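Heads up, the thing below is written out as structure tokens.
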Amino acid sequence: MEKNDYARKIPEPCTIVLFGVTGHLSRHKLLPAFYDLFHRGLMPSGFALLGFARREWGRGDFLSWAKGEIEQNCRTGFDEGVFSLMAPHFYFAKGTFDDEKSFEALKGVIEGAGKEQGAEGRTLFYLSIPPASFPLVIERLKESGVADPLNPLQKVMVEKPFGRDLESARNLDSLLSSAFLPSQIFRIDHYLGKEMVQNLLPLRFENPLFEYLWSSERVDHVQISMTESAGVEGRSAYYEQAGAARDVLQNHLMQLLALSAMEKPEGREGEREKKIEVLKNCSIENLERTSARGQYAPGFEGAKPVKGYREEEGVSPASLTDTFAALKINVDTPRWQGCPFYLRTGKRLPKRAAEIALVLKPDREGGEKESVVFKIQPNEGVQVEVLSKVPAESLMKKVRMGFSYEKQFPKESPEAYEELIEDAMLGRSSLFPSEEETECGWKIIDPLEEFWDKNPSTLEFYRAGSRGPASSDKLMERDGRKWRKL
Ligand code: BG6
């Protein structure tokens with residue numbers, strides 16, 4: 001246990017039912033996050049981690065498989081002694097989504113595990129399943145009585161995507177609220193669990209220095225970027241249905257925009273309301289001039305040759321899916337009149353990075369623009385880029401002043417999933433987007449997707465490892481601006 005964790009509130013005992021437990025996310029992030037929380041002393045005294053999957057496993061098989069995944073992917077260091085204390089909390093129920101009987105059996109396993117762990121009916125369902133399985137799983141949960149829409153002791157955590165447009169998102173929401181109380185639904189946007197993202201509001205509102213800069217009076221424009229060097233990584237079945245705009249822009253980037261642009265909330269509970277105020281005032285126009293999309297062609301990741309998107313397993317050779325998307329958004333609130341927000345995301349770009357950059361207005365025509373950059377990853381921190389005189393010369397040069405988590409905080413930040421799981425168990429909702437927030441995201445993305453569908457020639461190929469499609473640079477050039485080099 002780390003020092004500061006002693007004072008933390010510990011959740012009540014509960015049974016956590018993991019759907020999609022053998023999937024990529026669960027193996028790489030969820031199971032390790034449960035272990036890391038346990039290692040830090042932040043799991044309840046009684047809890048059941050109950051995997052539901054089709055594999056011919058018993059409890060012991062599940063346990064030893066999960067151990068292997070945790071050993072490889074945990075953050076806090078694998079410790080045999082710690083794991084042996086965690087082992088009695090693992091349970092398994094074999095079943096498939098289409099089989100009614102396996103849900104009846106699941107009900108029995110939940111009850112048994114709950115009794116053993118003293119959970120007293122508190123159950124957290126974690127849905128990390130493909131969108132197409134949602135209706136079936138929810139239906140089965142309801143008809144078997146495993147989920148009860150009136151039971152305040154039940155919670156559900158739902159992984160994105162929340163639909164693929166406004167209509168399907170609304171359908172998904174009504175489906176979810178037919179099985180769970182709306183206040184007990186926790187929609188996951190894991191960017192909100194990242195430490196630097198959680199620090200945005202405290203930094204903004206506790207430091208008058210930032211607040212002084214924070215409006216279109218001093219900010220020329222804002223750039224919000226999330227780039228990856230990786231490709232689609234075996235997730236083509238999902239990605240072919242989504243693409244970069246639906247996968248990242250609609251959720252992670254819109255959330256970062258909302259947090260950067262919002263007014264000061266009344267406490268944590270007021271955050272959603274202030275974000276919604278911003279999201280409702282976002283507008284796009286002239287999409288042929290203010291959006292760009294691309295798809296990666298063969299190229300390199302570092303020195304390693306890599307395939308183009310269309311050559312990836314499971315991808316159609318004629319796929320028009322966007323693996324890069326950029327969009328200019330206006331935020332029509334008094335604070336941001338005339339200051340555009342530029343969002344971009346893409347796979348197979350030169351590096352993995354995520355940041356919010358406020359590019360400041362120069363003090364004179366043609367002067368250099370300074371920037372304040374909130375670096376979400378890698379090297380979390382804040383960087384201020386200003387001009388300095390070069391020693392022994394009269395020249396000016398851009399220099400960086402910085403706050404780096406690594407240097408200032410010796411303790412490594414928790415993984416986003418540790419934070420989100422802990423908060424959901426405690427019933428804290430501020431790190432989870434509301435139904436309305438996700439709908440606002442679709443209201444921006446739907447017209448963009450429609451425009452792209454009608455104009456297939458907007459899809460431009462870019463070499464893997466390059467800076468993305470030329471149309472994205474043009475989008476900025478038209479406004480006399482440039483993307484920051486990440
Ligand atoms: C997910 C997207 O939400 O975020 C993935 O579905 C993406 O496509 C991932 O790779 C990136 O997350 P992070 O935390 O590594 O930036």
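Labels for the structure tokens follow display order: chains A, B, ..., residues from 1 in each chain, ligands from 1.
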Inset, instruction - May I have the residues within 10 Å of segment 77-93 of chain A as a PyMOL selection string, using only C-alpha atoms and disregarding those fewer than 3 positions away in the same chain? - result: chain A and resi 15-18+32+34-36+38-39+43+46-64+66-67+70-74+96+102-103+105-110+112-113+116-117
Contacts between ligand 1 and chain A, please, where a residue of chain A counts if it comes within 7 Å (with only C-alpha atoms and all ligand atoms); show its shortest atom pair and distance in Å to one decimal, rows by chain and ascending number, as a tab-separated table.
residue	atom	partner	partner_atom_place_in_ligand_line	distance
A:His190	CA	ligand 1	3 (O)	7.0
A:Tyr191	CA	ligand 1	14 (O)	6.6
A:Asp247	CA	ligand 1	6 (O)	5.3
A:Val248	CA	ligand 1	2 (C)	6.1
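Residues in contact with segment 364-376 of chain A at up to 9 Å, not including ones fewer than 3 positions away on its chain and judged by only C-alpha atoms, are A:Lys194, A:Glu195, A:Met196, A:Val197, A:Leu200, A:Val219, A:Asp220, A:Ala353, A:Ala354, A:Glu355, A:Ile356, A:Ala357, A:Leu358, A:Val359, A:Leu360, A:Lys361, A:Asn379, A:Glu380, A:Gly381, A:Val382, A:Gln383, A:Val384, A:Glu385, A:Val386, A:Leu387, A:Lys398.
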Selected residues written out, C-alpha atoms, as an mmCIF file, in the first residue's frame:
data_model
loop_
_atom_site.group_PDB
_atom_site.id
_atom_site.type_symbol
_atom_site.label_atom_id
_atom_site.label_comp_id
_atom_site.auth_asym_id
_atom_site.auth_seq_id
_atom_site.Cartn_x
_atom_site.Cartn_y
_atom_site.Cartn_z
ATOM 1 C CA LYS A 194 -5.629 9.541 -17.086
ATOM 2 C CA GLU A 195 -3.813 11.456 -14.395
ATOM 3 C CA MET A 196 -2.990 14.503 -16.521
ATOM 4 C CA VAL A 197 -6.578 14.711 -17.730
ATOM 5 C CA LEU A 200 -6.676 19.768 -16.122
ATOM 6 C CA VAL A 219 -5.484 32.230 -27.156
ATOM 7 C CA ASP A 220 -5.205 32.200 -30.949
ATOM 8 C CA ALA A 353 1.368 11.131 -28.059
ATOM 9 C CA ALA A 354 -1.600 13.015 -26.665
ATOM 10 C CA GLU A 355 -1.705 16.700 -25.773
ATOM 11 C CA ILE A 356 -3.770 19.845 -25.548
ATOM 12 C CA ALA A 357 -1.934 22.923 -26.782
ATOM 13 C CA LEU A 358 -3.117 26.481 -26.308
ATOM 14 C CA VAL A 359 -1.356 28.496 -28.974
ATOM 15 C CA LEU A 360 -1.265 32.088 -27.779
ATOM 16 C CA LYS A 361 -1.788 35.226 -29.791
ATOM 17 C CA ASN A 379 6.038 12.436 -20.332
ATOM 18 C CA GLU A 380 2.921 13.780 -18.606
ATOM 19 C CA GLY A 381 3.240 17.382 -17.573
ATOM 20 C CA VAL A 382 2.875 20.968 -18.699
ATOM 21 C CA GLN A 383 5.212 22.747 -21.048
ATOM 22 C CA VAL A 384 5.311 26.451 -21.726
ATOM 23 C CA GLU A 385 7.039 27.420 -24.931
ATOM 24 C CA VAL A 386 8.352 30.971 -24.863
ATOM 25 C CA LEU A 387 10.994 33.069 -26.545
ATOM 26 C CA LYS A 398 11.939 29.205 -28.642
#
Closest pair table for segment 168-258 of chain A residues within 8 Å of segment 131-145 of chain A, only C-alpha atoms, as a Markdown table:
| residue | atom | partner | partner_atom | distance |
| --- | --- | --- | --- | --- |
| A:Leu172 | CA | A:Phe134 | CA | 7.8 |
| A:Leu175 | CA | A:Pro135 | CA | 7.0 |
| A:Leu176 | CA | A:Ile138 | CA | 7.1 |
| A:Ala179 | CA | A:Lys142 | CA | 6.1 |
Inset, instruction - From a DSSP pass on the backbone, collect the residues of segment 177-369 of chain A flagged as alpha helix (DSSP H) and hand them back as a ChimeraX atom specification. - result: /A:177-179,195-198,200-206,208-213,236-242,244,254-261,271-280,287-290
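When only C-alpha atoms are used to measure the gap to Ser174 of chain A, the shortest distance among A:Trp65, A:Tyr417, A:Phe162, A:Phe461 belongs to A:Phe162.
Nearest residue to Leu249 of chain A, choosing from A:Thr345, A:Thr323, A:Asn330, A:Ser430 and counting only C-alpha atoms: A:Thr345.
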Legend entry - Spatial neighbours of Ala245 of chain A, max dist 12 Å, only C-alpha atoms, sep filter under 6 positions, as a PyMOL selection string: chain A and resi 161+164-165+226+239+251-254+291-295+321-327+343-347+441-442+444-450+452
Could you please write out, as a CSV table (one decimal) with N, CA, C and O atoms, in the first residue's frame, every residue of segment 293-388 of chain A that DSSP assigns to strand (DSSP E or B)?
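Written file, out_10.csv:
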chain,number,residue,atom,x,y,z
A,293,ARG,N,-9.4,13.5,-43.8
A,293,ARG,CA,-9.3,12.1,-43.3
A,293,ARG,C,-8.3,11.3,-44.2
A,293,ARG,O,-8.1,11.7,-45.3
A,294,GLY,N,-7.8,10.3,-43.6
A,294,GLY,CA,-6.8,9.5,-44.3
A,294,GLY,C,-6.8,8.0,-43.9
A,294,GLY,O,-7.4,7.7,-42.9
A,295,GLN,N,-6.1,7.2,-44.7
A,295,GLN,CA,-5.9,5.8,-44.3
A,295,GLN,C,-4.4,5.5,-44.5
A,295,GLN,O,-3.9,5.9,-45.6
A,296,TYR,N,-3.9,4.7,-43.6
A,296,TYR,CA,-2.4,4.4,-43.8
A,296,TYR,C,-2.1,3.4,-44.8
A,296,TYR,O,-2.8,2.4,-45.0
A,297,ALA,N,-1.2,3.7,-45.6
A,297,ALA,CA,-0.7,2.8,-46.7
A,297,ALA,C,0.6,2.2,-46.1
A,297,ALA,O,1.1,2.5,-45.0
A,299,GLY,N,4.3,1.3,-45.0
A,299,GLY,CA,5.3,2.2,-44.6
A,299,GLY,C,6.2,1.6,-43.5
A,299,GLY,O,6.5,0.4,-43.5
A,300,PHE,N,6.5,2.5,-42.5
A,300,PHE,CA,7.4,2.0,-41.5
A,300,PHE,C,6.9,2.4,-40.1
A,300,PHE,O,6.3,3.5,-39.9
A,301,GLU,N,7.2,1.5,-39.1
A,301,GLU,CA,7.1,1.9,-37.7
A,301,GLU,C,8.5,2.0,-37.2
A,301,GLU,O,9.1,0.9,-37.0
A,304,LYS,N,11.0,-0.5,-38.8
A,304,LYS,CA,10.4,-1.8,-39.2
A,304,LYS,C,9.3,-1.5,-40.3
A,304,LYS,O,8.4,-0.7,-40.1
A,305,PRO,N,9.4,-2.3,-41.5
A,305,PRO,CA,8.4,-2.1,-42.5
A,305,PRO,C,7.0,-2.6,-42.0
A,305,PRO,O,7.0,-3.7,-41.3
A,306,VAL,N,6.0,-1.9,-42.2
A,306,VAL,CA,4.6,-2.4,-41.8
A,306,VAL,C,3.6,-2.3,-42.9
A,306,VAL,O,3.8,-1.5,-43.9
A,324,PHE,N,-7.1,8.1,-39.9
A,324,PHE,CA,-6.7,9.4,-39.5
A,324,PHE,C,-7.9,10.4,-39.7
A,324,PHE,O,-8.6,10.3,-40.7
A,325,ALA,N,-8.1,11.2,-38.7
A,325,ALA,CA,-9.2,12.2,-38.9
A,325,ALA,C,-8.8,13.5,-38.2
A,325,ALA,O,-8.2,13.5,-37.1
A,326,ALA,N,-9.1,14.6,-38.9
A,326,ALA,CA,-8.9,15.9,-38.3
A,326,ALA,C,-10.1,16.8,-38.5
A,326,ALA,O,-10.8,16.6,-39.6
A,327,LEU,N,-10.4,17.7,-37.6
A,327,LEU,CA,-11.6,18.5,-37.7
A,327,LEU,C,-11.4,19.8,-36.9
A,327,LEU,O,-10.8,19.8,-35.8
A,328,LYS,N,-11.9,20.8,-37.6
A,328,LYS,CA,-11.9,22.2,-36.9
A,328,LYS,C,-13.3,22.4,-36.3
A,328,LYS,O,-14.3,22.2,-36.9
A,329,ILE,N,-13.3,22.7,-35.0
A,329,ILE,CA,-14.6,22.9,-34.3
A,329,ILE,C,-14.6,24.3,-33.7
A,329,ILE,O,-13.7,24.8,-33.1
A,330,ASN,N,-15.8,25.0,-33.9
A,330,ASN,CA,-16.0,26.3,-33.2
A,330,ASN,C,-16.7,26.1,-31.9
A,330,ASN,O,-17.7,25.3,-31.9
A,331,VAL,N,-16.3,26.8,-30.9
A,331,VAL,CA,-17.0,26.7,-29.6
A,331,VAL,C,-17.7,28.0,-29.4
A,331,VAL,O,-17.0,29.0,-29.1
A,341,PHE,N,-10.9,25.3,-32.3
A,341,PHE,CA,-10.3,24.2,-31.7
A,341,PHE,C,-10.0,23.2,-32.9
A,341,PHE,O,-11.0,22.8,-33.6
A,342,TYR,N,-8.8,22.8,-33.0
A,342,TYR,CA,-8.5,21.8,-34.1
A,342,TYR,C,-8.2,20.5,-33.4
A,342,TYR,O,-7.3,20.4,-32.5
A,343,LEU,N,-8.9,19.4,-33.9
A,343,LEU,CA,-8.7,18.1,-33.3
A,343,LEU,C,-8.1,17.2,-34.3
A,343,LEU,O,-8.5,17.2,-35.5
A,344,ARG,N,-7.2,16.3,-33.9
A,344,ARG,CA,-6.7,15.3,-34.9
A,344,ARG,C,-6.3,14.0,-34.2
A,344,ARG,O,-5.9,14.1,-33.0
A,345,THR,N,-6.5,12.9,-34.9
A,345,THR,CA,-6.1,11.6,-34.3
A,345,THR,C,-5.7,10.7,-35.5
A,345,THR,O,-6.2,10.9,-36.6
A,346,GLY,N,-4.8,9.8,-35.2
A,346,GLY,CA,-4.5,8.9,-36.3
A,346,GLY,C,-3.6,7.7,-35.8
A,346,GLY,O,-2.9,7.8,-34.8
A,353,ALA,N,1.4,9.9,-28.8
A,353,ALA,CA,1.4,11.1,-28.1
A,353,ALA,C,-0.1,11.7,-27.9
A,353,ALA,O,-0.9,11.4,-28.8
A,354,ALA,N,-0.3,12.3,-26.8
A,354,ALA,CA,-1.6,13.0,-26.7
A,354,ALA,C,-1.4,14.3,-25.9
A,354,ALA,O,-0.6,14.3,-24.9
A,355,GLU,N,-1.9,15.4,-26.4
A,355,GLU,CA,-1.7,16.7,-25.8
A,355,GLU,C,-2.8,17.7,-26.1
A,355,GLU,O,-3.5,17.5,-27.1
A,356,ILE,N,-2.9,18.7,-25.3
A,356,ILE,CA,-3.8,19.8,-25.5
A,356,ILE,C,-2.8,21.1,-25.6
A,356,ILE,O,-2.1,21.3,-24.6
A,357,ALA,N,-2.8,21.8,-26.7
A,357,ALA,CA,-1.9,22.9,-26.8
A,357,ALA,C,-2.7,24.2,-27.0
A,357,ALA,O,-3.5,24.3,-27.9
A,358,LEU,N,-2.5,25.2,-26.1
A,358,LEU,CA,-3.1,26.5,-26.3
A,358,LEU,C,-2.1,27.3,-27.0
A,358,LEU,O,-1.0,27.6,-26.5
A,359,VAL,N,-2.3,27.7,-28.2
A,359,VAL,CA,-1.4,28.5,-29.0
A,359,VAL,C,-1.8,30.0,-28.8
A,359,VAL,O,-2.9,30.3,-29.2
A,360,LEU,N,-0.9,30.7,-28.2
A,360,LEU,CA,-1.3,32.1,-27.8
A,360,LEU,C,-1.1,33.1,-28.9
A,360,LEU,O,-0.4,32.9,-29.9
A,371,SER,N,3.2,28.9,-26.7
A,371,SER,CA,2.2,27.9,-26.5
A,371,SER,C,2.3,27.4,-25.0
A,371,SER,O,3.4,27.3,-24.4
A,372,VAL,N,1.1,27.0,-24.5
A,372,VAL,CA,1.1,26.3,-23.3
A,372,VAL,C,0.5,24.9,-23.6
A,372,VAL,O,-0.6,24.8,-24.2
A,373,VAL,N,1.3,23.9,-23.3
A,373,VAL,CA,1.0,22.5,-23.7
A,373,VAL,C,0.8,21.6,-22.5
A,373,VAL,O,1.6,21.4,-21.7
A,374,PHE,N,-0.4,21.0,-22.5
A,374,PHE,CA,-0.7,20.0,-21.5
A,374,PHE,C,-0.5,18.6,-22.1
A,374,PHE,O,-1.2,18.2,-23.0
A,375,LYS,N,0.6,18.0,-21.6
A,375,LYS,CA,1.0,16.7,-22.2
A,375,LYS,C,0.4,15.5,-21.4
A,375,LYS,O,0.7,15.3,-20.2
A,376,ILE,N,-0.4,14.8,-22.1
A,376,ILE,CA,-1.2,13.7,-21.5
A,376,ILE,C,-0.3,12.4,-21.5
A,376,ILE,O,-0.3,11.7,-20.6
A,377,GLN,N,0.4,12.2,-22.6
A,377,GLN,CA,1.3,11.1,-22.8
A,377,GLN,C,2.2,11.3,-24.0
A,377,GLN,O,1.7,12.0,-24.9
A,381,GLY,N,2.8,16.1,-18.2
A,381,GLY,CA,3.2,17.4,-17.6
A,381,GLY,C,2.7,18.6,-18.3
A,381,GLY,O,1.8,18.5,-19.2
A,382,VAL,N,3.3,19.7,-18.0
A,382,VAL,CA,2.9,21.0,-18.7
A,382,VAL,C,4.1,21.6,-19.2
A,382,VAL,O,5.2,21.7,-18.5
A,383,GLN,N,4.0,22.1,-20.5
A,383,GLN,CA,5.2,22.7,-21.0
A,383,GLN,C,4.8,24.1,-21.6
A,383,GLN,O,3.8,24.3,-22.2
A,384,VAL,N,5.6,25.1,-21.2
A,384,VAL,CA,5.3,26.5,-21.7
A,384,VAL,C,6.4,26.8,-22.7
A,384,VAL,O,7.6,26.7,-22.4
A,385,GLU,N,6.0,27.1,-23.9
A,385,GLU,CA,7.0,27.4,-24.9
A,385,GLU,C,7.1,28.9,-25.1
A,385,GLU,O,6.1,29.5,-25.5
A,386,VAL,N,8.2,29.5,-24.8
A,386,VAL,CA,8.4,31.0,-24.9
A,386,VAL,C,9.6,31.3,-25.6
A,386,VAL,O,10.5,30.5,-25.9
A,387,LEU,N,9.8,32.6,-25.9
A,387,LEU,CA,11.0,33.1,-26.5
A,387,LEU,C,12.0,33.5,-25.5
A,387,LEU,O,11.7,34.2,-24.6
A,388,SER,N,13.3,33.2,-25.8
A,388,SER,CA,14.4,33.6,-24.9
A,388,SER,C,15.5,34.2,-25.8
A,388,SER,O,15.7,33.7,-26.9
